[in-house]
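A short write-up of the structure that comes next.
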Amino acid sequence: MRPVTHRTAGVVLLSLLLAGFLLLGALPNHVSSIRVGGLSLLWWYGGVLAPVIGVLVAIRWLADPLPTSRDE
Amino acid sequence: MTSVARILAVWLTPAALLAVPAAVATSAADGLWLGLTLLLVPLITLGLSARGRDAATAGGRGALFPVVILLLAVGVLLWANIALAGDVAVWLGRPRWQGIAITAALGWLLTAWRPLRKTAPLLLAIALIAAAVPLLQIGWASGLGPIAAWDRVATQSSFRFPPSSSWVTTGRELGLARGRAPLVFDEVHRLTAPAGGTVRARTLDGTRLADIEWTLSPGQVITLRAGDELSRRPSLRLRFEADKHVPGAPPSGVAWADDRPRRWLPRVGLLVTLLVGSAALLRAGLVVRLSRDGVGFVAGGLLIALLWAEAWAVYAMLNAPDVLLGGITIERLLELPAPTLFAEPWHRTLQGVLLVAALAAFLASTVALRERLGALDPTGGGEIGRDPGLWAGLFGGAALASLWPVDPWALTLLALGGAGCALGPATLAPPRRAVLGTTAGVFGLVVFAAGAALQLRGAGGGLLGAVAAYPALAGAPAGALLLWLGRTRR
């Protein structure tokens with residue numbers, strides 16, 4: 001079995017961001033249409049928050065580890 | 001830096017990127033989902049790290065199958081983007097072949113002229129700047145930031161023809177509003193035929209439908225009522241009435257903004273298509289290693305592209321709602337430096353800057369796609385990515401095929417889905433034996449082709465409809481299943 005790496009964590013988080021959009025849209029009573037600060041919740045999530053968080057997740061978890069130095 | 005630019009340029013071809021604002025303008029929820037998946041899926045693919053040895057063998061470095069599949073995929077992607085150039089030329093009032101010839105010739109020139117082969121980062125930078133300038137200018141001229149513009153669009157009671165629209169002032173040929181479905185009117189609308197011609201409409205008289213044909217003399221006017229349907233005759237030039245609801249546009253800003261994602265299967269179909277497609281395009285046969293800076297550049301580039309596409313769609317709906325006539329197509333997004341905001345010569349100048357952006361993005365994509373293919377050919381030193389004869393044939397074939405109008409986004413999905421079903425499963429979970437990966441790929445591709453054939457026959461809704469719309473929904477799991485069975489029966 002392959003070990004769970006920091007990359008796996010990043011991939012899971014990115015997948016959850018995608019799933020969040022579908023779930024938000026499926027919430028009852030038009031919750032995704034509630035407007036906050038000029039945008040609906042669906043737009044805040046799908047257009048701003050999820051993309052920005054996705055970029056941060058990628059930078060934090062998806063990079064290849066730096067090569068270890070000889071001293072270590 | 002080169003590999004970062006290559007990833008961005010391979011993934012964000014103009015046809016793929018411009019599909020986002022077109023989808024957002026058509027349906028807010030669908031467009032947001034498309035944009036989000038286009039951003040996150042390549043990051044997920046890059047994060048799904050196959051062990052280097054496996055990726056280089058089972059994925060097919062040096063093998064014939066992935067080279068053939070990717071060559072076909074690249075050909076279809078070139079076709080999609082060159083066809084888009086033809087659409088743009090027609091929209092600007094030029095012959096279709098001119099847009100096709102210019103883009104295909106420039107793309108091939110980058111192959112043939114050796115000093116120009118490593119220009120993807122420079123071309124991407126030009127595309128970024130040239131796309132940002134008109135957007136900033138439009139935001140400034142509108143006097144609204146993107147969020148305020150969205151709020152304005154989302155509270156509009158109706159999307160109406162601006163008085164300065166070319167559909168109102170001079171009239172345009174109906175053929176430019178692509179699609180076969182008739183234009184349905186939802187209020188009384190006076191149409192003028194500046195050059196005359198024959199108009200066909202299905203009118204609603206009480207409860208009775210009637211097909212009527214008028215032969216109009218130049219300048220003659222007809223009046224259509226709510227519920228009437230106008231047949232599209234490509235060569236017929238018509239002038240629409242200012243301040244009337246645009247046929248085909250959403251009923252109101254509220255209806256557009258509150259559109260929620262309801263159908264799951266098509267969304268999953270798009271996700272699967274992009275996931276396996278990105279695995280094939282970005283990872284098959286390669287070991288991609290990116291530093292933190294590299295990942296940051298890729299993710300940041302994708303984010304900038306997504307935000308640009310969303311803002312472009314919102315400003316288009318605010319300032320040029322006539323782009324929605326009869327359902328939006330990608331090339332009409334060029335209409336956004338709208339006459340309501342910019343008088344001549346600024347209108348044409350900004351359109352020109354936008355064309356420079358699209359051309360630079362296309363050329364960056366051609367360079368990157370060729371480098372990508374060349375990376376699969378280590379024994380030939382990447383010669384396949386530099387062979388002028390081969391690429392002349394590819395560009396020539398794509399140019400010829402582009403003479404007939406096709407939907408560039410549908411072709412992009414076809415390329416991603418086909419290559420993804422053939423190479424995606426083996427790339428994401430490399431088998432120890434290359435032959436197993438090839439067998440699974442062929443099987444996935446056959447299932448994908450069967451699904452695509454279903455599309456031609458026209459399938460209904462439900463699972464069958466989703467498979468017909470996104471054949472990778474069946475092809476990718478089929479290939480993955482065969483891969484899994486092959487492993488367990490060792």
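Chain labels follow the order of the structure tokens: the first chain is A, the next B, and so on; residue numbering restarts at 1 in every chain, and ligands are counted from 1 in their shown order.
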
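The residue set within 10 Å of Gln137 in chain B, counting only C-alpha atoms and dropping same-chain residues fewer than 3 places from it, reads Ala132, Val133, Pro134, Trp140, Ala141, Ser142, Gly143, Pro337, Leu341, Phe342 and Leu350 of chain B.
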
Write to file, as a CSV table (one decimal), in the first residue's frame, the residues of the selection just made, with N, CA and C atoms.
```csv
chain,number,residue,atom,x,y,z
B,132,ALA,N,-5.8,41.6,-20.4
B,132,ALA,CA,-6.1,42.4,-19.2
B,132,ALA,C,-6.5,43.8,-19.6
B,133,VAL,N,-5.8,44.3,-20.6
B,133,VAL,CA,-6.0,45.8,-20.9
B,133,VAL,C,-7.4,46.1,-21.2
B,134,PRO,N,-8.1,45.4,-22.2
B,134,PRO,CA,-9.5,45.7,-22.5
B,134,PRO,C,-10.4,45.5,-21.3
B,140,TRP,N,-13.3,50.3,-16.1
B,140,TRP,CA,-13.1,51.7,-15.8
B,140,TRP,C,-14.2,52.5,-16.5
B,141,ALA,N,-14.5,52.1,-17.8
B,141,ALA,CA,-15.6,52.9,-18.6
B,141,ALA,C,-16.9,52.6,-18.0
B,142,SER,N,-17.1,51.4,-17.5
B,142,SER,CA,-18.4,51.0,-16.9
B,142,SER,C,-18.6,51.8,-15.5
B,143,GLY,N,-17.5,52.1,-14.9
B,143,GLY,CA,-17.6,52.8,-13.6
B,143,GLY,C,-18.0,51.8,-12.5
B,337,PRO,N,-16.1,45.0,-26.0
B,337,PRO,CA,-15.8,46.5,-26.0
B,337,PRO,C,-16.9,47.2,-26.7
B,341,LEU,N,-20.1,51.7,-24.7
B,341,LEU,CA,-19.0,52.3,-23.8
B,341,LEU,C,-17.9,53.0,-24.7
B,342,PHE,N,-17.7,52.5,-25.9
B,342,PHE,CA,-16.5,53.1,-26.6
B,342,PHE,C,-17.0,53.5,-28.0
B,350,LEU,N,-9.8,48.3,-29.2
B,350,LEU,CA,-9.8,47.3,-28.1
B,350,LEU,C,-10.1,45.9,-28.6
```

* Asked: Within 12 Å of Leu49 in chain A, counting only C-alpha atoms, which residues qualify if same-chain residues fewer than 4 places away don't, as a ChimeraX atom specification?
  -> /A:17-18,20-21,39,41-45,53-57 /B:32,36,303,307

Mind dumping a table of every chain A residue within 7 Å of chain B, with the nearest atom pair and its distance in Å to one decimal, using only C-alpha atoms, sorted by chain and rising number, as JSON lines?
```
{"residue": "A:Arg7", "atom": "CA", "partner": "B:Gly47", "partner_atom": "CA", "distance": 5.6}
{"residue": "A:Val11", "atom": "CA", "partner": "B:Ile44", "partner_atom": "CA", "distance": 5.3}
{"residue": "A:Leu14", "atom": "CA", "partner": "B:Leu40", "partner_atom": "CA", "distance": 6.6}
{"residue": "A:Leu22", "atom": "CA", "partner": "B:Pro261", "partner_atom": "CA", "distance": 7.0}
{"residue": "A:Gly25", "atom": "CA", "partner": "B:Pro261", "partner_atom": "CA", "distance": 5.3}
{"residue": "A:Ala26", "atom": "CA", "partner": "B:Arg262", "partner_atom": "CA", "distance": 6.9}
{"residue": "A:Ser33", "atom": "CA", "partner": "B:Asp258", "partner_atom": "CA", "distance": 5.5}
{"residue": "A:Gly38", "atom": "CA", "partner": "B:Asp151", "partner_atom": "CA", "distance": 5.6}
{"residue": "A:Leu39", "atom": "CA", "partner": "B:Asp151", "partner_atom": "CA", "distance": 6.5}
{"residue": "A:Gly46", "atom": "CA", "partner": "B:Leu32", "partner_atom": "CA", "distance": 5.8}
{"residue": "A:Gly47", "atom": "CA", "partner": "B:Leu32", "partner_atom": "CA", "distance": 6.3}
{"residue": "A:Pro51", "atom": "CA", "partner": "B:Leu303", "partner_atom": "CA", "distance": 6.5}
{"residue": "A:Gly54", "atom": "CA", "partner": "B:Leu40", "partner_atom": "CA", "distance": 6.6}
{"residue": "A:Val55", "atom": "CA", "partner": "B:Ala299", "partner_atom": "CA", "distance": 5.2}
{"residue": "A:Ala58", "atom": "CA", "partner": "B:Val295", "partner_atom": "CA", "distance": 6.7}
{"residue": "A:Ile59", "atom": "CA", "partner": "B:Gly296", "partner_atom": "CA", "distance": 5.3}
{"residue": "A:Leu62", "atom": "CA", "partner": "B:Gly47", "partner_atom": "CA", "distance": 5.4}
{"residue": "A:Ala63", "atom": "CA", "partner": "B:Arg292", "partner_atom": "CA", "distance": 4.7}
{"residue": "A:Asp64", "atom": "CA", "partner": "B:Ser291", "partner_atom": "CA", "distance": 5.5}
```

Please produce an output containing C-alpha atoms for each residue in the selection, written as a PDB file, in the first residue's frame.
```pdb
ATOM      1  CA  ARG A   7       0.127  15.467  -1.976  1.00  0.00           C
ATOM      2  CA  VAL A  11      -5.749  16.184  -3.820  1.00  0.00           C
ATOM      3  CA  LEU A  14      -9.154  20.037  -3.940  1.00  0.00           C
ATOM      4  CA  LEU A  22     -22.385  20.641  -5.962  1.00  0.00           C
ATOM      5  CA  GLY A  25     -26.223  24.131  -5.180  1.00  0.00           C
ATOM      6  CA  ALA A  26     -28.254  21.217  -3.843  1.00  0.00           C
ATOM      7  CA  SER A  33     -28.997  32.392  -3.897  1.00  0.00           C
ATOM      8  CA  GLY A  38     -23.128  42.037  -3.524  1.00  0.00           C
ATOM      9  CA  LEU A  39     -22.733  38.402  -4.656  1.00  0.00           C
ATOM     10  CA  GLY A  46     -17.656  28.931  -7.022  1.00  0.00           C
ATOM     11  CA  GLY A  47     -16.277  32.175  -8.402  1.00  0.00           C
ATOM     12  CA  PRO A  51     -10.627  29.016  -6.639  1.00  0.00           C
ATOM     13  CA  GLY A  54      -7.645  25.818  -4.357  1.00  0.00           C
ATOM     14  CA  VAL A  55      -4.590  27.871  -5.309  1.00  0.00           C
ATOM     15  CA  ALA A  58      -1.953  23.630  -4.345  1.00  0.00           C
ATOM     16  CA  ILE A  59       0.917  25.842  -3.240  1.00  0.00           C
ATOM     17  CA  LEU A  62       1.168  19.858  -4.190  1.00  0.00           C
ATOM     18  CA  ALA A  63       4.771  20.965  -4.678  1.00  0.00           C
ATOM     19  CA  ASP A  64       7.458  18.321  -4.931  1.00  0.00           C
TER      20      ASP A  64
END
```

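If you look at CA of Asp387 in chain B and CA of Ile7 in chain B, they are 21.6 Å away from each other.
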
* **Picked from chain A by DSSP as strand (DSSP E or B), as a ChimeraX atom specification** => /A:35-36,39-40

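Taking CA of Phe159 in chain B and CA of Ser231 in chain B as the two end points, the separation is 21.2 Å.
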
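As for CA of Glu187 in chain B and CA of Ile212 in chain B, they are spaced 18.3 Å apart.
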
* Asked: Hey, what does DSSP flag as alpha helix (DSSP H) within range 16-62 of chain A? Can you give it to me as a ChimeraX atom specification?
  -> /A:16-26,41-43,50-61

* Asked: Counting only C-alpha atoms, what is within 9 Å of Val74 in chain B, bar same-chain residues fewer than 6 positions away, as number ranges by chain?
  -> B: 281, 366, 369-370, 373, 394, 415

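Proximity to Glu331 in chain B at 8 Å, evaluated using only C-alpha atoms and with sequence-adjacent residues fewer than 3 positions away removed, yields Leu84, Asp87, Val88, Trp91 and Leu334 of chain B.
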
Please, could you write that set of residues out with N, CA and C atoms as an mmCIF file, in the first residue's frame?
```
data_model
loop_
_atom_site.group_PDB
_atom_site.id
_atom_site.type_symbol
_atom_site.label_atom_id
_atom_site.label_comp_id
_atom_site.auth_asym_id
_atom_site.auth_seq_id
_atom_site.Cartn_x
_atom_site.Cartn_y
_atom_site.Cartn_z
ATOM 1 N N LEU B 84 -12.398 28.353 -34.420
ATOM 2 C CA LEU B 84 -12.788 29.547 -33.661
ATOM 3 C C LEU B 84 -12.272 30.814 -34.353
ATOM 4 N N ASP B 87 -14.615 31.573 -37.071
ATOM 5 C CA ASP B 87 -15.851 32.178 -36.534
ATOM 6 C C ASP B 87 -15.640 33.669 -36.240
ATOM 7 N N VAL B 88 -14.471 33.972 -35.655
ATOM 8 C CA VAL B 88 -14.174 35.368 -35.305
ATOM 9 C C VAL B 88 -14.099 36.216 -36.569
ATOM 10 N N TRP B 91 -17.534 36.916 -37.764
ATOM 11 C CA TRP B 91 -18.199 37.877 -36.883
ATOM 12 C C TRP B 91 -17.743 39.303 -37.169
ATOM 13 N N LEU B 334 -16.271 38.750 -28.438
ATOM 14 C CA LEU B 334 -15.433 39.815 -28.964
ATOM 15 C C LEU B 334 -16.208 41.135 -29.038
#
```
